[in-house]
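Novice: Pasting a structure below so you can have a look.
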Number of protein chains: 2
Amino acid sequence: MKLDKRLQADSKHIYELGESTLLLMNNSLVDWFMLVPRCDEIEFTKLTFELQTEILKEINLVAQFIQGQFSPDKLNIATLGNVVSQMHIHVIGRKFNDPYWPAPVWGQAGSRIYTDDQVTEIKQAFERFFATNDTQA
Amino acid sequence: MKLDKRLQADSKHIYELGESTLLLMNNSLVDWFMLVPRCDEIEFTKLTFELQTEILKEINLVAQFIQGQFSPDKLNIATLGNVVSQMHIHVIGRKFNDPYWPAPVWGQAGSRIYTDDQVTEIKQAFERFFATNDTQA
């Protein structure tokens, strides 16, 4: 499965889950992750129900990670694909004091890339989390 | 289950599904539906997996209806809840020539309310669709 060039350019690789690749959007102003299922289908609702529920477990897992790691005030979960058609599901921790709140994150002006150390820290935190929670995904 | 006042003001009632109320956003510029699950929980990912999968079936059903009725170019599916906290899941048919494309629908300037006849037509179309597809939800 080849990752869309724009998704690749805009994100950092975090983990290979069972059905999807977990990416971190390279914008440290919000805790913004994306799951990219390894499939050619564009619409989530056209996947088999079995695959949908497997991906849903991965959404739940990432949501649980975000809640434990970043204590968001609200989660935003979405699959849009208007610009990049390769299926990707946003799982985003939002805070009342993040710079975009309460607007959605897409198309907002201003972002702040992560340092390599910050990305490594998040990647290692996810690996630790996954090691103790992988029965759920 | 009491519907949030803002959701109520912004939408038209379409149908009572098994787990959620189906609403039509009162903006005929896009084919924009919302599922409001009958629950007090704010985060979809905190629902039981069983309830999540029941709601997922309803998302699939509404997606199938939108695709058959409006022939969208892309579906947008999202649960944000930054402004209205009562859980609601957007299921939106997008077209390359809709006035917001390719931006997300939220926070866009300009909308056009439906006529009563248009709402009745969509409601009846959904009822007909549901009558022949209710084994799936």
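All residue names refer to the structure tokens as shown: chains lettered A, B, ... in order, residues numbered from 1 in each chain, ligands numbered from 1 in order.
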Chain B near chain A within 8 Å: what's each residue's closest atom pair and its distance in Å to one decimal, counting only C-alpha atoms, ordered by chain then ascending residue number, as JSON lines?

Specialist:
{"residue": "B:Glu43", "atom": "CA", "partner": "A:Leu75", "partner_atom": "CA", "distance": 6.9}
{"residue": "B:Thr45", "atom": "CA", "partner": "A:Asn60", "partner_atom": "CA", "distance": 5.4}
{"residue": "B:Lys46", "atom": "CA", "partner": "A:Asn60", "partner_atom": "CA", "distance": 8.0}
{"residue": "B:Thr53", "atom": "CA", "partner": "A:Thr53", "partner_atom": "CA", "distance": 7.0}
{"residue": "B:Ile59", "atom": "CA", "partner": "A:Thr45", "partner_atom": "CA", "distance": 7.6}
{"residue": "B:Asn60", "atom": "CA", "partner": "A:Thr45", "partner_atom": "CA", "distance": 5.4}
{"residue": "B:Ala63", "atom": "CA", "partner": "A:Thr45", "partner_atom": "CA", "distance": 6.8}
{"residue": "B:Lys74", "atom": "CA", "partner": "A:Asn82", "partner_atom": "CA", "distance": 7.0}
{"residue": "B:Leu75", "atom": "CA", "partner": "A:Leu80", "partner_atom": "CA", "distance": 6.7}
{"residue": "B:Asn76", "atom": "CA", "partner": "A:Leu80", "partner_atom": "CA", "distance": 4.4}
{"residue": "B:Ile77", "atom": "CA", "partner": "A:Thr79", "partner_atom": "CA", "distance": 5.4}
{"residue": "B:Ala78", "atom": "CA", "partner": "A:Ala78", "partner_atom": "CA", "distance": 4.0}
{"residue": "B:Thr79", "atom": "CA", "partner": "A:Ile77", "partner_atom": "CA", "distance": 5.4}
{"residue": "B:Leu80", "atom": "CA", "partner": "A:Asn76", "partner_atom": "CA", "distance": 4.4}
{"residue": "B:Gly81", "atom": "CA", "partner": "A:Asn76", "partner_atom": "CA", "distance": 7.4}
{"residue": "B:Asn82", "atom": "CA", "partner": "A:Pro102", "partner_atom": "CA", "distance": 5.3}
{"residue": "B:Val83", "atom": "CA", "partner": "A:Pro102", "partner_atom": "CA", "distance": 6.4}
{"residue": "B:Trp101", "atom": "CA", "partner": "A:Asn82", "partner_atom": "CA", "distance": 7.6}
{"residue": "B:Pro102", "atom": "CA", "partner": "A:Asn82", "partner_atom": "CA", "distance": 5.3}
{"residue": "B:Ala103", "atom": "CA", "partner": "A:Gly107", "partner_atom": "CA", "distance": 7.3}
{"residue": "B:Pro104", "atom": "CA", "partner": "A:Trp106", "partner_atom": "CA", "distance": 7.3}
{"residue": "B:Trp106", "atom": "CA", "partner": "A:Pro104", "partner_atom": "CA", "distance": 7.4}
{"residue": "B:Gly107", "atom": "CA", "partner": "A:Ala103", "partner_atom": "CA", "distance": 7.3}

Novice: With DSSP run on the backbone, what are the alpha helix (DSSP H) residues within chain A? I'd like them as a ChimeraX atom specification.

Specialist: /A:5-10,49-70,116-133

Novice: Just how far from atom CA of A:Gly68 is atom CA of A:Asn97, in Å to one decimal?

Specialist: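 Going from atom CA of A:Asn97 over to atom CA of A:Gly68, I get 18.1 Å.
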
Novice: Under the rule that only C-alpha atoms are counted, which of B:Ser71, B:Thr120, B:Ser11, B:Thr48 is the nearest residue to B:Met34?

Specialist: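 The shortest atom-to-atom distance to B:Met34 comes from B:Ser11.
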
Novice: Skip A:Thr21 itself and residues of its chain fewer than 2 positions away, then list as a ChimeraX atom specification all residues within 10 Å of it, counting only C-alpha atoms.

Specialist: /A:1,3,13-19,23,34-38,58,88

Novice: I need the residues from that last selection saved to file as a JSON list (two decimals), in the first residue's frame (with N, CA and C atoms), if you can.

Specialist:
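part31.json, freshly written:
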[["chain", "number", "residue", "atom", "x", "y", "z"],
["A", 1, "MET", "N", 0.86, -1.20, 0.00],
["A", 1, "MET", "CA", 0.00, 0.00, 0.00],
["A", 1, "MET", "C", 0.89, 1.24, 0.00],
["A", 3, "LEU", "N", 1.56, 5.15, 0.34],
["A", 3, "LEU", "CA", 0.97, 6.30, 1.02],
["A", 3, "LEU", "C", 0.95, 7.50, 0.08],
["A", 13, "HIS", "N", 5.39, 9.20, 10.62],
["A", 13, "HIS", "CA", 4.94, 7.82, 10.82],
["A", 13, "HIS", "C", 5.05, 7.43, 12.29],
["A", 14, "ILE", "N", 3.98, 6.87, 12.83],
["A", 14, "ILE", "CA", 3.99, 6.48, 14.24],
["A", 14, "ILE", "C", 3.99, 4.96, 14.42],
["A", 15, "TYR", "N", 3.12, 4.25, 13.70],
["A", 15, "TYR", "CA", 2.99, 2.81, 13.98],
["A", 15, "TYR", "C", 2.23, 2.12, 12.86],
["A", 16, "GLU", "N", 2.53, 0.82, 12.67],
["A", 16, "GLU", "CA", 1.74, 0.00, 11.76],
["A", 16, "GLU", "C", 0.77, -0.84, 12.59],
["A", 17, "LEU", "N", -0.49, -0.46, 12.55],
["A", 17, "LEU", "CA", -1.52, -1.25, 13.24],
["A", 17, "LEU", "C", -1.99, -2.37, 12.31],
["A", 18, "GLY", "N", -2.89, -3.19, 12.79],
["A", 18, "GLY", "CA", -3.31, -4.36, 12.02],
["A", 18, "GLY", "C", -3.92, -4.03, 10.67],
["A", 19, "GLU", "N", -4.77, -3.00, 10.63],
["A", 19, "GLU", "CA", -5.46, -2.66, 9.39],
["A", 19, "GLU", "C", -5.01, -1.34, 8.80],
["A", 23, "LEU", "N", -0.46, 7.75, 11.55],
["A", 23, "LEU", "CA", 0.39, 8.92, 11.28],
["A", 23, "LEU", "C", 0.08, 10.02, 12.28],
["A", 34, "MET", "N", -3.78, 10.41, 12.30],
["A", 34, "MET", "CA", -4.56, 9.89, 11.17],
["A", 34, "MET", "C", -4.32, 8.40, 11.03],
["A", 35, "LEU", "N", -5.39, 7.67, 10.80],
["A", 35, "LEU", "CA", -5.30, 6.25, 10.47],
["A", 35, "LEU", "C", -5.50, 6.10, 8.97],
["A", 36, "VAL", "N", -4.58, 5.44, 8.30],
["A", 36, "VAL", "CA", -4.70, 5.21, 6.86],
["A", 36, "VAL", "C", -4.86, 3.71, 6.63],
["A", 37, "PRO", "N", -6.11, 3.25, 6.44],
["A", 37, "PRO", "CA", -6.34, 1.82, 6.22],
["A", 37, "PRO", "C", -5.63, 1.35, 4.95],
["A", 38, "ARG", "N", -5.13, 0.13, 4.98],
["A", 38, "ARG", "CA", -4.44, -0.42, 3.80],
["A", 38, "ARG", "C", -5.46, -1.00, 2.82],
["A", 58, "GLU", "N", -9.34, 0.23, 15.96],
["A", 58, "GLU", "CA", -8.10, 1.03, 15.92],
["A", 58, "GLU", "C", -8.39, 2.50, 16.22],
["A", 88, "HIS", "N", -8.37, 8.17, 4.79],
["A", 88, "HIS", "CA", -7.66, 8.46, 6.03],
["A", 88, "HIS", "C", -8.66, 8.99, 7.03]]

Novice: Would you return as a PDB file with N, CA and C atoms, in the first residue's frame the members of stretch 4-106 of chain B that DSSP assigns to strand (DSSP E) on this structure's backbone?

Specialist:
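Resulting contents of part.pdb:
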ATOM      1  N   SER B  11     -32.001  22.203  11.989  1.00  0.00           N
ATOM      2  CA  SER B  11     -32.247  20.990  11.202  1.00  0.00           C
ATOM      3  C   SER B  11     -33.729  20.648  11.096  1.00  0.00           C
ATOM      4  N   LYS B  12     -34.026  19.672  10.254  1.00  0.00           N
ATOM      5  CA  LYS B  12     -35.366  19.122  10.081  1.00  0.00           C
ATOM      6  C   LYS B  12     -35.335  17.648  10.473  1.00  0.00           C
ATOM      7  N   HIS B  13     -36.390  17.196  11.132  1.00  0.00           N
ATOM      8  CA  HIS B  13     -36.451  15.797  11.555  1.00  0.00           C
ATOM      9  C   HIS B  13     -36.813  14.909  10.371  1.00  0.00           C
ATOM     10  N   ILE B  14     -36.051  13.842  10.202  1.00  0.00           N
ATOM     11  CA  ILE B  14     -36.304  12.930   9.084  1.00  0.00           C
ATOM     12  C   ILE B  14     -36.843  11.581   9.552  1.00  0.00           C
ATOM     13  N   TYR B  15     -36.222  10.974  10.562  1.00  0.00           N
ATOM     14  CA  TYR B  15     -36.621   9.601  10.908  1.00  0.00           C
ATOM     15  C   TYR B  15     -36.061   9.223  12.278  1.00  0.00           C
ATOM     16  N   GLU B  16     -36.783   8.317  12.956  1.00  0.00           N
ATOM     17  CA  GLU B  16     -36.252   7.729  14.194  1.00  0.00           C
ATOM     18  C   GLU B  16     -35.689   6.344  13.871  1.00  0.00           C
ATOM     19  N   SER B  20     -30.640   6.075  16.879  1.00  0.00           N
ATOM     20  CA  SER B  20     -30.427   7.517  16.751  1.00  0.00           C
ATOM     21  C   SER B  20     -31.541   8.190  15.958  1.00  0.00           C
ATOM     22  N   THR B  21     -31.613   9.483  16.123  1.00  0.00           N
ATOM     23  CA  THR B  21     -32.545  10.321  15.376  1.00  0.00           C
ATOM     24  C   THR B  21     -31.824  10.855  14.152  1.00  0.00           C
ATOM     25  N   LEU B  22     -32.482  10.716  12.994  1.00  0.00           N
ATOM     26  CA  LEU B  22     -31.872  11.214  11.758  1.00  0.00           C
ATOM     27  C   LEU B  22     -32.410  12.607  11.458  1.00  0.00           C
ATOM     28  N   LEU B  23     -31.485  13.562  11.344  1.00  0.00           N
ATOM     29  CA  LEU B  23     -31.844  14.949  11.049  1.00  0.00           C
ATOM     30  C   LEU B  23     -31.254  15.356   9.700  1.00  0.00           C
ATOM     31  N   LEU B  24     -31.900  16.325   9.083  1.00  0.00           N
ATOM     32  CA  LEU B  24     -31.383  16.946   7.860  1.00  0.00           C
ATOM     33  C   LEU B  24     -30.984  18.370   8.207  1.00  0.00           C
ATOM     34  N   MET B  25     -29.716  18.712   8.009  1.00  0.00           N
ATOM     35  CA  MET B  25     -29.305  20.093   8.256  1.00  0.00           C
ATOM     36  C   MET B  25     -30.071  20.993   7.291  1.00  0.00           C
ATOM     37  N   ASP B  31     -25.962  18.036   0.765  1.00  0.00           N
ATOM     38  CA  ASP B  31     -26.849  16.977   1.258  1.00  0.00           C
ATOM     39  C   ASP B  31     -26.296  16.496   2.589  1.00  0.00           C
ATOM     40  N   TRP B  32     -26.737  17.168   3.650  1.00  0.00           N
ATOM     41  CA  TRP B  32     -26.063  17.121   4.949  1.00  0.00           C
ATOM     42  C   TRP B  32     -27.020  16.551   6.009  1.00  0.00           C
ATOM     43  N   PHE B  33     -26.731  15.346   6.435  1.00  0.00           N
ATOM     44  CA  PHE B  33     -27.546  14.675   7.446  1.00  0.00           C
ATOM     45  C   PHE B  33     -26.766  14.534   8.747  1.00  0.00           C
ATOM     46  N   MET B  34     -27.515  14.340   9.832  1.00  0.00           N
ATOM     47  CA  MET B  34     -26.881  14.102  11.129  1.00  0.00           C
ATOM     48  C   MET B  34     -27.615  12.982  11.856  1.00  0.00           C
ATOM     49  N   LEU B  35     -26.839  12.086  12.454  1.00  0.00           N
ATOM     50  CA  LEU B  35     -27.386  11.059  13.336  1.00  0.00           C
ATOM     51  C   LEU B  35     -27.125  11.494  14.773  1.00  0.00           C
ATOM     52  N   VAL B  36     -28.187  11.526  15.579  1.00  0.00           N
ATOM     53  CA  VAL B  36     -28.050  11.896  16.988  1.00  0.00           C
ATOM     54  C   VAL B  36     -28.394  10.669  17.831  1.00  0.00           C
ATOM     55  N   PRO B  37     -27.383   9.935  18.291  1.00  0.00           N
ATOM     56  CA  PRO B  37     -27.639   8.741  19.096  1.00  0.00           C
ATOM     57  C   PRO B  37     -28.359   9.115  20.399  1.00  0.00           C
ATOM     58  N   LYS B  74     -18.279  12.536  -3.094  1.00  0.00           N
ATOM     59  CA  LYS B  74     -17.525  12.102  -1.911  1.00  0.00           C
ATOM     60  C   LYS B  74     -18.436  12.196  -0.705  1.00  0.00           C
ATOM     61  N   LEU B  75     -18.239  11.306   0.245  1.00  0.00           N
ATOM     62  CA  LEU B  75     -18.934  11.419   1.523  1.00  0.00           C
ATOM     63  C   LEU B  75     -17.991  12.024   2.557  1.00  0.00           C
ATOM     64  N   ASN B  76     -18.532  12.857   3.406  1.00  0.00           N
ATOM     65  CA  ASN B  76     -17.799  13.350   4.572  1.00  0.00           C
ATOM     66  C   ASN B  76     -18.519  12.843   5.813  1.00  0.00           C
ATOM     67  N   ILE B  77     -17.799  12.137   6.665  1.00  0.00           N
ATOM     68  CA  ILE B  77     -18.399  11.586   7.886  1.00  0.00           C
ATOM     69  C   ILE B  77     -17.583  12.080   9.068  1.00  0.00           C
ATOM     70  N   ALA B  78     -18.257  12.650  10.057  1.00  0.00           N
ATOM     71  CA  ALA B  78     -17.494  13.255  11.145  1.00  0.00           C
ATOM     72  C   ALA B  78     -18.314  13.399  12.413  1.00  0.00           C
ATOM     73  N   THR B  79     -17.651  13.259  13.542  1.00  0.00           N
ATOM     74  CA  THR B  79     -18.242  13.643  14.811  1.00  0.00           C
ATOM     75  C   THR B  79     -17.259  14.578  15.511  1.00  0.00           C
ATOM     76  N   ILE B  89     -23.443  12.818  14.630  1.00  0.00           N
ATOM     77  CA  ILE B  89     -22.519  12.344  13.605  1.00  0.00           C
ATOM     78  C   ILE B  89     -22.982  12.875  12.255  1.00  0.00           C
ATOM     79  N   HIS B  90     -22.139  13.653  11.628  1.00  0.00           N
ATOM     80  CA  HIS B  90     -22.446  14.220  10.322  1.00  0.00           C
ATOM     81  C   HIS B  90     -22.219  13.171   9.239  1.00  0.00           C
ATOM     82  N   VAL B  91     -23.181  13.013   8.350  1.00  0.00           N
ATOM     83  CA  VAL B  91     -23.003  12.166   7.157  1.00  0.00           C
ATOM     84  C   VAL B  91     -23.435  13.042   5.984  1.00  0.00           C
ATOM     85  N   ILE B  92     -22.456  13.447   5.187  1.00  0.00           N
ATOM     86  CA  ILE B  92     -22.682  14.531   4.230  1.00  0.00           C
ATOM     87  C   ILE B  92     -22.278  14.095   2.827  1.00  0.00           C
ATOM     88  N   GLY B  93     -23.173  14.283   1.888  1.00  0.00           N
ATOM     89  CA  GLY B  93     -22.836  14.049   0.485  1.00  0.00           C
ATOM     90  C   GLY B  93     -22.244  15.317  -0.101  1.00  0.00           C
ATOM     91  N   ARG B  94     -21.022  15.220  -0.597  1.00  0.00           N
ATOM     92  CA  ARG B  94     -20.342  16.385  -1.175  1.00  0.00           C
ATOM     93  C   ARG B  94     -20.247  16.231  -2.691  1.00  0.00           C
TER      94      ARG B  94
END

Novice: One number please: atom CA of A:Asp10 to atom CA of A:Met87, in Å, one decimal.

Specialist: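 Computed distance, atom CA of A:Asp10 to atom CA of A:Met87, equals 15.1 Å.
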
Novice: By how many Å are atom CA of B:Phe70 and atom CA of A:Leu51 apart?

Specialist: 25.8 Å

Novice: Counting only C-alpha atoms, figure out which residue out of B:Val84, B:Cys39, B:Ala109, B:Ile66 gets nearest to B:Phe130.

Specialist: B:Ile66
